[in-house]
Each structure stands twice: as structure tokens, then as C-alpha cells.
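S.K.: Below is the file my_file_3.txt, with compact mmCIF, C-alpha atoms and all ligand atoms.
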# COMPACT_ATOMS: atom_id res chain seq x y z
CA MET A 4 -31.19 22.10 61.74
CA LYS A 5 -28.46 19.51 61.31
CA GLN A 6 -28.72 19.76 57.55
CA MET A 7 -28.43 23.49 57.86
CA ARG A 8 -25.25 23.11 59.92
CA ILE A 9 -23.73 20.75 57.35
CA PHE A 10 -24.65 23.16 54.61
CA LEU A 11 -23.04 26.06 56.46
CA THR A 12 -19.87 24.03 57.08
CA LEU A 13 -19.70 23.13 53.40
CA ALA A 14 -20.26 26.74 52.45
CA THR A 15 -17.49 27.82 54.83
CA LEU A 16 -15.12 25.25 53.36
CA LEU A 17 -15.93 26.39 49.85
CA LEU A 18 -15.38 29.99 50.82
CA LEU A 19 -12.08 29.12 52.51
CA SER A 20 -10.80 27.12 49.55
CA GLY A 21 -11.88 29.95 47.24
CA HIS A 22 -9.90 32.30 49.42
CA LEU A 23 -6.82 30.05 49.29
CA ILE A 24 -7.04 29.78 45.51
CA ALA A 25 -7.32 33.55 45.25
CA GLN A 26 -4.27 33.92 47.50
CA THR A 27 -2.09 31.52 45.57
CA ARG A 28 -3.13 33.11 42.29
CA ALA A 29 -2.03 36.64 43.24
CA SER A 30 1.28 36.80 41.43
CA LEU A 31 4.30 38.71 42.69
CA THR A 32 6.23 41.08 40.47
CA LEU A 33 9.27 43.13 41.37
CA VAL A 34 9.86 46.24 39.26
CA LYS A 35 13.39 47.64 39.58
CA ALA A 36 14.52 51.00 38.24
CA GLY A 37 17.30 53.56 38.60
CA ARG A 38 15.07 55.89 40.59
CA LEU A 39 11.53 56.53 41.69
CA LEU A 40 10.12 60.02 41.83
CA ASP A 41 7.65 60.74 44.62
CA PRO A 42 5.57 63.68 43.37
CA ARG A 43 4.37 64.45 46.90
CA THR A 44 7.82 65.37 48.18
CA GLY A 45 9.80 65.76 44.97
CA ASN A 46 12.31 63.29 46.42
CA ALA A 47 13.80 60.52 44.34
CA LEU A 48 14.50 57.08 45.72
CA ALA A 49 17.60 55.64 44.01
CA PRO A 50 17.82 52.80 43.25
CA ALA A 51 14.17 51.82 43.48
CA ALA A 52 12.27 48.57 43.78
CA VAL A 53 8.50 48.11 43.84
CA LEU A 54 7.01 44.77 44.86
CA ILE A 55 3.58 44.17 43.41
CA GLU A 56 1.12 41.52 44.52
CA GLY A 57 -1.77 41.03 42.11
CA ASP A 58 -3.01 44.49 41.21
CA LYS A 59 -1.65 46.30 44.29
CA ILE A 60 1.67 47.68 45.47
CA LYS A 61 2.96 45.67 48.43
CA GLN A 62 6.33 47.21 49.24
CA VAL A 63 8.56 50.06 48.04
CA GLY A 64 12.24 50.54 48.87
CA ALA A 65 15.78 50.91 47.59
CA HIS A 66 16.12 47.13 47.85
CA VAL A 67 13.23 44.78 48.39
CA ASN A 68 13.64 41.11 49.21
CA ALA A 69 11.24 39.15 47.06
CA PRO A 70 10.32 35.45 47.35
CA ASN A 71 11.79 33.03 44.79
CA ALA A 72 8.81 32.82 42.45
CA THR A 73 8.71 36.59 41.97
CA LYS A 74 8.79 37.82 38.39
CA ILE A 75 11.47 40.50 37.99
CA ILE A 76 11.18 43.44 35.61
CA ASP A 77 14.44 45.36 35.51
CA LEU A 78 14.04 48.78 33.89
CA GLY A 79 17.72 49.68 34.20
CA GLY A 80 18.52 53.31 35.00
CA ALA A 81 15.09 54.65 34.15
CA THR A 82 12.78 56.73 36.37
CA LEU A 83 9.51 55.41 37.79
CA LEU A 84 6.53 57.66 38.41
CA PRO A 85 2.90 57.04 39.35
CA GLY A 86 0.60 56.46 36.35
CA LEU A 87 -0.67 59.72 34.87
CA ILE A 88 -4.22 61.00 35.42
CA ASP A 89 -6.17 63.03 32.87
CA SER A 90 -8.88 64.64 34.98
CA HIS A 91 -10.91 66.03 32.12
CA THR A 92 -11.31 64.23 28.85
CA HIS A 93 -13.91 63.30 26.25
CA LEU A 94 -13.04 59.90 24.85
CA PHE A 95 -16.17 59.76 22.70
CA LEU A 96 -15.50 62.91 20.71
CA ASN A 97 -13.08 63.29 17.84
CA ILE A 98 -13.80 66.68 16.36
CA VAL A 99 -12.50 67.30 12.89
CA ILE A 100 -12.46 71.03 12.32
CA PRO A 101 -14.41 71.77 9.14
CA PRO A 102 -13.12 74.07 6.41
CA GLU A 103 -13.51 77.82 6.94
CA GLU A 104 -16.35 78.31 4.48
CA GLU A 105 -18.41 75.68 6.21
CA ARG A 106 -17.75 77.15 9.65
CA LYS A 107 -18.80 80.64 8.54
CA ARG A 108 -22.20 79.27 7.59
CA HIS A 109 -23.02 78.00 11.06
CA LEU A 110 -24.25 79.97 14.05
CA ASN A 111 -21.98 78.27 16.57
CA PRO A 112 -19.24 77.75 14.07
CA LEU A 113 -16.38 75.82 15.62
CA PHE A 114 -18.07 73.33 17.89
CA ALA A 115 -21.67 72.71 17.06
CA PRO A 116 -21.51 70.81 13.75
CA ALA A 117 -18.90 68.40 15.06
CA ASP A 118 -20.74 67.89 18.32
CA LEU A 119 -24.02 67.35 16.52
CA LEU A 120 -22.37 64.83 14.23
CA ALA A 121 -21.09 62.87 17.21
CA ILE A 122 -24.56 62.84 18.83
CA VAL A 123 -26.43 61.62 15.76
CA GLU A 124 -23.82 59.07 14.69
CA SER A 125 -24.31 55.41 15.46
CA PRO A 126 -23.71 54.84 19.20
CA THR A 127 -21.90 51.63 18.30
CA LYS A 128 -19.48 53.50 16.06
CA ARG A 129 -18.93 55.94 18.87
CA ALA A 130 -18.27 53.15 21.33
CA PHE A 131 -15.44 51.86 19.15
CA LEU A 132 -13.98 55.38 19.00
CA GLY A 133 -14.11 55.57 22.79
CA ALA A 134 -12.38 52.20 23.05
CA GLN A 135 -9.63 53.31 20.66
CA ASN A 136 -9.03 56.56 22.54
CA ALA A 137 -8.98 54.70 25.85
CA ARG A 138 -6.33 52.27 24.58
CA GLU A 139 -4.25 55.09 23.14
CA ASP A 140 -4.40 57.01 26.42
CA LEU A 141 -3.23 53.97 28.34
CA GLU A 142 -0.36 53.31 25.91
CA SER A 143 0.86 56.86 26.57
CA GLY A 144 0.96 56.34 30.32
CA ILE A 145 -2.45 57.75 31.26
CA THR A 146 -3.66 55.06 33.63
CA THR A 147 -6.72 56.96 34.92
CA VAL A 148 -9.14 59.30 33.16
CA ARG A 149 -12.17 61.20 34.29
CA ASN A 150 -14.52 61.34 31.31
CA LEU A 151 -16.67 64.43 31.70
CA GLY A 152 -19.58 64.05 29.33
CA HIS A 153 -20.17 63.74 25.59
CA SER A 154 -20.44 60.00 25.40
CA GLY A 155 -24.07 59.52 24.48
CA ILE A 156 -26.43 58.06 27.06
CA ASP A 157 -24.22 55.34 28.51
CA GLY A 158 -21.02 55.26 26.44
CA ASP A 159 -18.58 56.03 29.24
CA THR A 160 -20.20 53.94 31.96
CA GLU A 161 -20.26 50.97 29.56
CA LEU A 162 -16.66 51.54 28.42
CA ARG A 163 -15.58 51.73 32.07
CA ASP A 164 -17.29 48.40 32.77
CA ALA A 165 -15.83 46.81 29.61
CA ILE A 166 -12.32 47.90 30.64
CA ASN A 167 -12.84 46.63 34.19
CA ALA A 168 -14.09 43.31 32.82
CA GLY A 169 -10.98 42.98 30.65
CA ARG A 170 -12.88 43.17 27.35
CA VAL A 171 -10.89 46.13 26.01
CA PRO A 172 -7.68 47.76 27.22
CA GLY A 173 -7.95 51.20 28.73
CA PRO A 174 -7.29 53.36 31.76
CA ARG A 175 -9.13 53.28 35.04
CA MET A 176 -12.20 55.40 34.28
CA LEU A 177 -14.46 57.71 36.19
CA ALA A 178 -17.55 58.17 34.04
CA ALA A 179 -19.85 61.19 34.24
CA GLY A 180 -22.67 59.91 32.06
CA ARG A 181 -24.73 62.68 30.52
CA LYS A 182 -23.68 66.24 31.17
CA LEU A 183 -26.18 68.51 32.95
CA ILE A 184 -26.77 71.73 31.04
CA THR A 185 -29.29 74.54 30.78
CA ARG A 186 -31.09 75.00 27.52
CA GLY A 187 -28.60 77.65 26.49
CA ASP A 188 -25.44 77.37 24.57
CA TYR A 189 -25.69 74.13 22.70
CA LEU A 190 -26.69 73.72 19.12
CA GLN A 191 -29.13 76.61 18.88
CA ASN A 192 -29.52 76.01 15.16
CA LEU A 193 -31.30 72.68 15.57
CA ASN A 194 -34.78 72.17 14.20
CA PRO A 195 -36.90 73.01 17.29
CA ALA A 196 -39.32 70.18 16.52
CA LEU A 197 -36.51 67.64 16.78
CA ALA A 198 -34.15 69.33 19.21
CA ASP A 199 -35.18 67.57 22.42
CA ALA A 200 -35.02 64.07 20.97
CA ILE A 201 -31.52 64.76 19.65
CA LEU A 202 -30.16 66.61 22.67
CA ASN A 203 -31.43 64.01 25.14
CA GLN A 204 -28.95 61.59 23.58
CA GLU A 205 -26.13 63.66 25.04
CA PHE A 206 -27.42 65.92 27.83
CA LEU A 207 -29.76 66.16 30.79
CA PHE A 208 -31.48 69.50 31.15
CA ILE A 209 -31.58 71.64 34.24
CA ASP A 210 -34.67 73.80 34.44
CA GLY A 211 -35.29 74.57 38.08
CA ALA A 212 -33.91 72.91 41.22
CA ASP A 213 -36.21 69.86 41.02
CA ARG A 214 -35.13 69.06 37.48
CA ALA A 215 -31.51 69.46 38.57
CA ARG A 216 -32.01 66.87 41.31
CA ALA A 217 -33.86 64.56 38.93
CA ALA A 218 -31.04 64.83 36.40
CA VAL A 219 -28.48 63.79 39.02
CA ARG A 220 -30.69 60.85 39.99
CA GLN A 221 -30.95 59.75 36.35
CA ASN A 222 -27.17 59.62 36.18
CA VAL A 223 -27.00 57.79 39.50
CA PHE A 224 -29.34 55.18 38.01
CA GLN A 225 -26.82 54.87 35.17
CA ASN A 226 -24.15 54.16 37.80
CA VAL A 227 -21.89 57.14 37.13
CA ASP A 228 -18.77 57.99 39.20
CA VAL A 229 -19.05 61.78 39.07
CA ILE A 230 -21.57 64.44 38.03
CA LYS A 231 -20.65 66.99 35.36
CA VAL A 232 -22.53 70.28 35.05
CA THR A 233 -21.93 73.12 32.65
CA ALA A 234 -22.43 76.47 34.35
CA ASP A 235 -23.37 79.38 32.10
CA VAL A 236 -25.31 82.60 32.59
CA ASN A 237 -28.59 80.70 32.54
CA LEU A 238 -27.71 78.47 35.48
CA THR A 239 -28.76 79.79 38.90
CA VAL A 240 -27.08 79.13 42.24
CA PRO A 241 -30.19 77.37 43.69
CA GLU A 242 -30.30 75.04 40.65
CA LEU A 243 -26.64 74.14 40.92
CA ALA A 244 -26.81 73.88 44.72
CA ALA A 245 -29.65 71.37 44.35
CA ALA A 246 -27.53 69.30 41.96
CA VAL A 247 -24.57 69.48 44.36
CA GLU A 248 -26.73 68.40 47.29
CA GLU A 249 -28.19 65.46 45.37
CA ALA A 250 -24.75 64.40 44.11
CA HIS A 251 -23.26 64.55 47.61
CA ARG A 252 -26.22 62.64 49.02
CA ASN A 253 -25.19 59.89 46.59
CA HIS A 254 -21.50 60.20 47.57
CA LEU A 255 -20.54 61.63 44.19
CA LYS A 256 -18.38 64.64 43.50
CA ILE A 257 -19.57 67.34 41.15
CA ALA A 258 -17.35 68.86 38.47
CA VAL A 259 -18.56 72.17 37.10
CA HIS A 260 -17.50 73.59 33.78
CA ALA A 261 -17.06 77.32 34.39
CA ALA A 262 -14.77 79.49 32.33
CA GLU A 263 -16.28 82.97 32.70
CA LYS A 264 -16.25 85.01 35.88
CA ALA A 265 -20.02 84.87 36.54
CA ALA A 266 -20.20 81.11 36.03
CA ILE A 267 -17.19 80.59 38.28
CA GLN A 268 -18.98 82.53 41.04
CA THR A 269 -22.09 80.41 40.59
CA ALA A 270 -19.96 77.26 40.96
CA ILE A 271 -18.23 78.61 44.09
CA ASP A 272 -21.47 79.76 45.72
CA ALA A 273 -23.21 76.45 45.00
CA GLY A 274 -20.36 74.42 46.51
CA ALA A 275 -18.91 72.61 43.49
CA ASP A 276 -16.09 70.13 44.19
CA SER A 277 -14.04 71.18 41.19
CA ILE A 278 -14.17 74.04 38.74
CA GLU A 279 -13.21 72.94 35.24
CA HIS A 280 -11.20 75.43 33.14
CA GLY A 281 -11.67 78.51 35.36
CA ASN A 282 -9.90 80.69 32.83
CA GLU A 283 -11.36 84.00 33.99
CA ALA A 284 -11.05 83.38 37.73
CA THR A 285 -10.24 86.53 39.68
CA ASP A 286 -7.82 86.62 42.61
CA GLU A 287 -10.79 86.94 44.96
CA GLN A 288 -12.42 83.88 43.41
CA LEU A 289 -9.19 81.87 43.70
CA ARG A 290 -9.07 82.85 47.36
CA GLN A 291 -12.68 81.74 47.89
CA MET A 292 -11.93 78.43 46.16
CA ARG A 293 -8.89 77.88 48.34
CA ASP A 294 -10.87 78.64 51.51
CA LYS A 295 -13.72 76.32 50.50
CA GLY A 296 -11.36 73.56 49.34
CA ILE A 297 -12.65 73.71 45.75
CA PHE A 298 -10.20 72.27 43.24
CA LEU A 299 -9.30 74.13 40.08
CA ASP A 300 -8.92 71.77 37.13
CA LEU A 301 -6.74 73.60 34.66
CA THR A 302 -7.18 72.74 30.99
CA PRO A 303 -4.37 74.26 28.92
CA THR A 304 -5.88 72.86 25.72
CA PHE A 305 -5.51 75.82 23.38
CA TYR A 306 -2.14 76.96 24.69
CA GLY A 307 0.66 77.38 22.15
CA GLY A 308 -1.36 77.61 18.94
CA PHE A 309 -3.16 74.28 19.37
CA LEU A 310 -5.97 75.01 16.93
CA LEU A 311 -3.66 75.98 14.08
CA LYS A 312 -1.60 72.87 14.78
CA ILE A 313 -4.59 70.60 14.30
CA MET A 314 -6.13 72.62 11.44
CA GLU A 315 -3.18 73.11 9.14
CA PRO A 316 -2.37 69.50 8.28
CA SER A 317 -5.96 68.75 7.27
CA ILE A 318 -7.62 71.88 5.87
CA VAL A 319 -6.64 74.92 3.85
CA VAL A 320 -6.13 77.81 6.27
CA SER A 321 -6.23 81.28 4.71
CA ALA A 322 -3.47 83.77 5.46
CA GLU A 323 -6.08 85.95 7.12
CA THR A 324 -7.19 83.20 9.49
CA ARG A 325 -3.62 82.21 10.23
CA SER A 326 -2.60 85.72 11.23
CA SER A 327 -5.73 86.43 13.26
CA ARG A 328 -5.43 83.08 15.05
CA THR A 329 -1.74 83.62 15.73
CA GLU A 330 -2.50 87.02 17.19
CA SER A 331 -5.44 85.93 19.34
CA GLY A 332 -3.52 82.82 20.37
CA ALA A 333 -0.58 84.88 21.62
CA ARG A 334 -2.98 87.10 23.57
CA ARG A 335 -4.69 84.09 25.11
CA ASP A 336 -1.37 82.46 25.97
CA LYS A 337 -0.30 85.61 27.82
CA GLN A 338 -3.56 85.63 29.79
CA TYR A 339 -3.00 81.98 30.62
CA ASP A 340 0.56 82.67 31.82
CA GLU A 341 -0.89 85.31 34.14
CA LEU A 342 -3.65 82.98 35.36
CA VAL A 343 -1.06 80.31 36.18
CA GLN A 344 1.01 82.76 38.24
CA ARG A 345 -2.07 83.91 40.14
CA VAL A 346 -3.11 80.30 40.76
CA LEU A 347 0.35 79.43 42.11
CA LYS A 348 0.33 82.46 44.37
CA SER A 349 -3.24 81.88 45.63
CA GLY A 350 -2.55 78.47 47.14
CA VAL A 351 -5.70 77.00 45.55
CA LYS A 352 -5.45 73.26 44.98
CA PHE A 353 -5.16 72.44 41.30
CA ALA A 354 -5.08 69.46 38.98
CA ALA A 355 -5.02 69.32 35.19
CA GLY A 356 -7.04 67.88 32.36
CA THR A 357 -6.77 67.95 28.59
CA ASP A 358 -10.36 68.56 27.49
CA MET A 359 -9.23 66.36 24.62
CA CYS A 360 -12.00 66.01 22.07
CA TRP A 361 -10.15 66.82 18.87
CA TRP A 362 -8.65 64.95 16.02
CA TYR A 363 -4.96 65.79 16.20
CA PRO A 364 -3.36 64.77 12.89
CA GLY A 365 -0.25 62.65 13.42
CA LYS A 366 -0.84 61.97 17.11
CA THR A 367 -2.81 59.34 18.97
CA CYS A 368 -5.32 60.51 21.58
CA GLY A 369 -2.78 59.64 24.28
CA GLN A 370 0.09 61.49 22.61
CA ALA A 371 -2.09 64.56 22.01
CA SER A 372 -3.27 64.40 25.62
CA VAL A 373 0.19 64.24 27.24
CA THR A 374 1.43 67.05 24.98
CA THR A 375 -1.57 69.12 26.08
CA LEU A 376 -0.95 68.48 29.78
CA LEU A 377 2.64 69.62 29.38
CA ASN A 378 1.39 72.98 28.06
CA LEU A 379 1.08 73.82 31.76
CA HIS A 380 4.86 73.82 31.97
CA SER A 381 5.15 76.15 28.96
CA ALA A 382 2.66 78.42 30.74
CA GLY A 383 4.96 78.68 33.74
CA VAL A 384 3.99 75.88 36.15
CA PRO A 385 7.19 74.41 37.67
CA THR A 386 7.96 70.83 36.62
CA LEU A 387 7.19 69.20 39.96
CA ASP A 388 3.87 71.03 40.21
CA VAL A 389 2.90 69.84 36.71
CA ILE A 390 3.66 66.27 37.74
CA ARG A 391 1.66 66.72 40.95
CA ALA A 392 -1.27 68.14 38.97
CA ILE A 393 -1.49 64.93 36.90
CA THR A 394 -0.80 62.45 39.70
CA VAL A 395 -1.26 63.09 43.41
CA ASN A 396 -3.40 66.25 43.16
CA ALA A 397 -5.64 64.76 40.49
CA ALA A 398 -6.13 61.66 42.66
CA GLU A 399 -7.29 63.85 45.53
CA MET A 400 -9.62 65.87 43.29
CA LEU A 401 -11.19 62.63 42.05
CA GLY A 402 -11.58 61.37 45.62
CA TRP A 403 -9.34 58.41 44.77
CA GLN A 404 -6.32 59.41 46.88
CA ASP A 405 -6.50 56.04 48.63
CA ARG A 406 -6.18 54.14 45.32
CA ILE A 407 -3.95 56.02 42.88
CA GLY A 408 -1.64 59.02 42.44
CA ALA A 409 1.40 57.73 44.36
CA ILE A 410 3.62 54.65 44.46
CA GLU A 411 3.08 53.27 47.96
CA PRO A 412 1.83 50.06 49.60
CA GLY A 413 -1.90 49.49 49.25
CA LYS A 414 -2.35 51.55 46.10
CA PHE A 415 -3.08 50.10 42.67
CA ALA A 416 0.07 49.17 40.78
CA ASP A 417 -0.27 51.88 38.13
CA LEU A 418 3.24 52.91 37.10
CA VAL A 419 5.01 54.64 34.24
CA CYS A 420 8.70 54.83 33.52
CA VAL A 421 10.70 57.32 31.48
CA ALA A 422 14.23 56.80 30.21
CA GLY A 423 15.62 60.09 31.50
CA HIS A 424 14.81 62.16 34.55
CA ALA A 425 11.33 63.70 34.37
CA ILE A 426 12.30 66.56 36.66
CA ALA A 427 15.25 67.55 34.48
CA ASP A 428 13.23 67.24 31.26
CA ILE A 429 9.47 67.07 31.59
CA THR A 430 9.06 66.26 27.89
CA GLU A 431 10.26 62.76 28.85
CA LEU A 432 6.61 62.19 29.77
CA GLU A 433 5.84 62.36 26.05
CA ARG A 434 8.13 59.36 25.60
CA VAL A 435 6.91 57.00 28.29
CA ARG A 436 8.83 53.68 27.88
CA PHE A 437 6.98 51.48 30.32
CA VAL A 438 3.37 51.43 31.43
CA MET A 439 1.80 49.19 34.04
CA LYS A 440 -1.83 49.26 35.13
CA ASP A 441 -3.31 47.02 37.82
CA GLY A 442 0.04 45.22 38.03
CA GLN A 443 -0.19 44.24 34.34
CA VAL A 444 2.44 45.41 31.85
CA VAL A 445 0.81 47.45 29.09
CA LYS A 446 4.01 48.52 27.38
CA ASN A 447 7.71 47.87 27.98
CA ASP A 448 10.39 49.25 25.69
CA LEU A 449 13.07 49.01 28.38
CA SER A 450 13.59 45.35 29.17
CA ALA A 451 12.81 41.86 27.99
CA HIS A 452 9.88 40.56 30.01
ZN ZN A 501 -14.71 69.44 28.50
Any chance you could put this one into C-alpha cells?
M.R.:
Amino acid sequence: MKQMRIFLTLATLLLLSGHLIAQTRASLTLVKAGRLLDPRTGNALAPAAVLIEGDKIKQVGAHVNAPNATKIIDLGGATLLPGLIDSHTHLFLNIVIPPEEERKRHLNPLFAPADLLAIVESPTKRAFLGAQNAREDLESGITTVRNLGHSGIDGDTELRDAINAGRVPGPRMLAAGRKLITRGDYLQNLNPALADAILNQEFLFIDGADRARAAVRQNVFQNVDVIKVTADVNLTVPELAAAVEEAHRNHLKIAVHAAEKAAIQTAIDAGADSIEHGNEATDEQLRQMRDKGIFLDLTPTFYGGFLLKIMEPSIVVSAETRSSRTESGARRDKQYDELVQRVLKSGVKFAAGTDMCWWYPGKTCGQASVTTLLNLHSAGVPTLDVIRAITVNAAEMLGWQDRIGAIEPGKFADLVCVAGHAIADITELERVRFVMKDGQVVKNDLSAH
């Protein structure tokens, strides 16, 4: 008994000293800038000072008194914003669009060969690609990503853990693990005798409500942060509702890919947390989403002739393809402009993601991603709403509103800084000059540090 008491006292002392060491180690940093934009209100604090202790924000104000040992980072007249959030990305894909002749020879011409290639490639090779894309995203100011599938069996959960352990640089990650799909749209031209073995590297199949629950549980075992389901005509409401119930039972949100009207309805009726893409949402569906609190995650990936932009530098594009793509692109852009107006009017909560999975010649993954997010502005979303969609709104959609999305005490010190004023010129976000994640400087082109 006495020995036990001595042991407990020793243990308490050790714990206390550990606590003291941890406290003295948490370094203080004061970041000063010309102004700080609060996306929630649209107000700017000028001048601005943010005191950071360890990885968290401790104090925000026009002037903050910091203790002597505080490290000062003075960013001059620049504008601070919360770190950016890409709510829908695919870090483990890097699709190179094949030449026209090759595409014509495949059943599912644009996507399938590239997707198949990614699945059958060495998982190790893919892991390095994911690490590169993660670093490039972070360098462009994207301090959080939600990776929604296409990373092999455990690519994104492992990359998340490697980033958190400090092995590779990258954004805060929410990993979805394998995407839940029906045996419908993907890779129909596979050899049927081999199809399952190949597809299981990338997907979990839903075939009935029990299989849907089991698929969620498999991902839970893999320690995912979110469940991703693709809704198509083959997916039923009871199947998706079972997946939603199982995800919620495990305190996970469920993001449902749904672009067409019928799939969007399935996602609404089954109680999805977010609808990804939602391109064909009707006004009635937007109203239902608003009433049920379902987020719309807009992905303006193809806006503004994206495909031609990534095709032309690397492959020969025939005049015929160029003109038909230009025409269909203009039509799609107009539909997107209309969708954006209806979304704004409906009052549905929205965030934005890139759906980045392409090789974009001349741009890093991060540069291509920020450019894609800003397509929302070209489509008619006001500047402040674009910034909200990729900060505070995205944080809420992810369920991380207590950690990220705003610069305030208690949140992670994830900050970006632009030289000009992001509200006056949103393209400043493409030229982020300073990036901090977890209180650590990732990039600083504004001051000696
Ligand atoms: Zn996607």
C-alpha cells in the first residue's frame, strides 16, 4: 500500500514536470500585418496582431502586448486571412488526358483509363504523388483539405498520419478512405474475371443496406475522418440511409457525390451531410437542402474552359475538338452561372472544393487548386462569399468549426497573407505570400524571419 502511494506520488511528479516542460516549450509568436480580414463579418481589423502560442491562436487585436521572448513576424501592410480549405480534392490522382485517338477507343473515354492506371500503379509511387500534392497545396495557402476518395486502400489515412507526425509537409487532412460506390459507372470495360480484385483497391461496393453499413465499418476500421459515397441511379435511398446511419453512429459526416437531379434527391432523402457538385439541383431541391441543413459543396472545376487549358499544352487538339469543347464549355459555364445565382438566392449553406485530380501543365497542384476555387467568382459569387466558402463555411461543413476557418483565440494558427487586399482583388489569393500552419511558418516572402 505504501509502495503504491510512493509510486503514485512519483507518477504525479513525473506528470507535473512533463506538464511544466510542455508549458515552457510552447513558443510565442506575434504576427503583425496591415489588416486582418474576418470572413464571417467581412470586417477588416487594421492594423492587426495575432499572438500564437504553440500551434494555437492566443489573442487577436489591433495591438497585442507580447512577453519579451516572443518571436515577431512583421508582414508590413499585407492582409491576413484564415488558411484556405479545399473541401473536395483527390491528392492521389494526377490524370493526364490521353490523346484523342486513344480516348475514342475506350468506352468511358475521358476518365476510366487514367483512373485505372492510378489504381494498378504501385501504391508506393502513388503515396509519393500524394505527398507532393499535399506539399504543393500547403505552399499555396491551402492549410486544410478533405480528400474524398481515390487514394487506394489507405493512402489518405496514412498521408494524414505522416503529415501529423511531421514526416512530410502538408495540410491538415480529413481522409475518406475508400469511396463507397454501386457497381455502376466505373470502369465497365474491365476484364470481368479480374474486375473485383482491381476495383477493391479503390472502392467499397454498396449492394443492399447491409453491405452499405459494412462498407462504412470497413472505413471506420481504417480510421477515416469522413465517409464518401457516390450516388448514381443504381443507389437506393434505403442503401444510402443505412450508410448515413452507420456513419453518424460513428460520429462521421457523410459526403455524397451527386451531380444529376435524381441522385441529388436520393442524397437529400437519405440525409447526407453534404452534397458534392450538385450541378443539376433544382430550386425545390436547394430549398429542401436549406431546410434540412445539408451543405452544398460547389466544385467549379470545369468552369472557364478548364479541360482545353490542361489539354492543349500536352496533346494535339484537333480544330473540331477545340470548337466543340469551346461551345459546350460556354453552355456549361452559363448553366453554372445560373446555378450560382439560384444557390445564392436559396439561402442554402455552401462551401467549395476543387475536385482536383488532373495534371495541369505549368501549375503545381496548389496553384491549380486555388485558380479552380476562384472560378466561383467568375461564375458570379461575390468576393466575400467565395472567401467564406473556402474558410468559415468549409470549416462548418467539415465539422471543424471549433478548430479552423477563422482567426480567433483557441483555433489552430493556420494563416495566410496576401500583399494586397483580397476583397478588392480576389486573385491575390493566387499569390499568397505567407503561409502558417499549426503556428509554423511554411512560406514567407514578406519579411525576414
Ligand atoms: Zn471528386
S.K.: Please, which residues have at least one atom within 7 Å of an atom of ligand ZN 501 (chain A), using all atoms listed in the file, listed as a list in words?
M.R.: His91, Thr92, His93, Leu151 and Asp358 of chain A
S.K.: Have a look at A:Ala196, A:Val223, A:Val395, A:Leu387 and name the one nearest to Ile429 of chain A; count all atoms listed in the file.
M.R.: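 Among the listed residues, the smallest separation from Ile429 of chain A belongs to A:Leu387.
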S.K.: Please report the interatomic distance between atom CA of Asp448 of chain A and atom CA of Ile76 of chain A in Å with one decimal.
M.R.: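 Separation between atom CA of Asp448 of chain A and atom CA of Ile76 of chain A: 11.5 Å.
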S.K.: May I ask for the distance between atom CA of Arg129 of chain A and atom CA of Met314 of chain A, given in Å to one decimal place?
M.R.: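 A separation of 22.3 Å between them.
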S.K.: Rounded to one decimal in Å, what is the spacing between atom CA of Asn68 of chain A and atom CA of Leu83 of chain A?
M.R.: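 Computing the Euclidean distance for atom CA of Asn68 of chain A and atom CA of Leu83 of chain A yields 18.8 Å.
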S.K.: Can you tell me, as a PyMOL selection string, what residues are no more than 8 Å from Ala69 of chain A when counting only C-alpha atoms, ignoring any on the same chain fewer than 3 positions away?
M.R.: chain A and resi 33+54+73
S.K.: Using all atoms listed in the file, which residues of segment 341-362 of chain A come within 12 Å of segment 376-383 of chain A, and what is the closest atom pair for each, with the distance in Å to one decimal? Give it as CSV, sorted by chain and residue number.
M.R.:
residue,atom,partner,partner_atom,distance
A:Glu341,CA,A:Ala382,CA,8.5
A:Leu342,CA,A:Ala382,CA,9.1
A:Val343,CA,A:Gly383,CA,6.7
A:Gln344,CA,A:Gly383,CA,7.2
A:Arg345,CA,A:Gly383,CA,10.9
A:Val346,CA,A:Gly383,CA,10.8
A:Leu347,CA,A:Gly383,CA,9.6
A:Phe353,CA,A:Leu379,CA,11.5
A:Ala354,CA,A:Leu376,CA,10.1
A:Ala355,CA,A:Leu376,CA,6.8
A:Gly356,CA,A:Leu376,CA,6.6
A:Thr357,CA,A:Leu376,CA,6.0
A:Asp358,CA,A:Leu376,CA,9.7
A:Met359,CA,A:Leu376,CA,10.0
S.K.: Nearest residue to Lys446 of chain A out of A:Lys61, A:Arg149, A:Arg434, A:Lys256, using all atoms listed in the file?
M.R.: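 Checking each of A:Lys61, A:Arg149, A:Arg434, A:Lys256 against Lys446 of chain A, counting all atoms listed in the file, the winner is A:Arg434.
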S.K.: Give me the residues within 9 Å of Ile201 of chain A as a PyMOL selection string, counting only C-alpha atoms and dropping any in the same chain fewer than 5 places off.
M.R.: chain A and resi 119+122-123+193
S.K.: Kindly indicate which residue among A:Ser321, A:Asp300, A:Thr239, A:Arg252 lies nearest to Asn396 of chain A, using all atoms listed in the file for the distances.
M.R.: A:Asp300
S.K.: Here's a test: counting all atoms listed in the file, identify every protein, DNA and RNA residue with an atom at most 7 Å from (-3.7, 57.9, 39.8) in the file's coordinate frame, and state them as a list in words.
M.R.: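 All residues meeting the 7 Å criterion around (-3.7, 57.9, 39.8) are Pro85, Gly86, Leu87, Ile88, Thr146, Thr147, Thr394, Val395, Ala398, Ile407, Gly408 and Ala409 of chain A.
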S.K.: Near Asp157 of chain A, within 9 Å and counting all atoms listed in the file, which residues show up once chain neighbours fewer than 2 positions away are dropped, as an MDAnalysis selection string?
M.R.: chainID A and resid 154:155 159:162 180:181 225
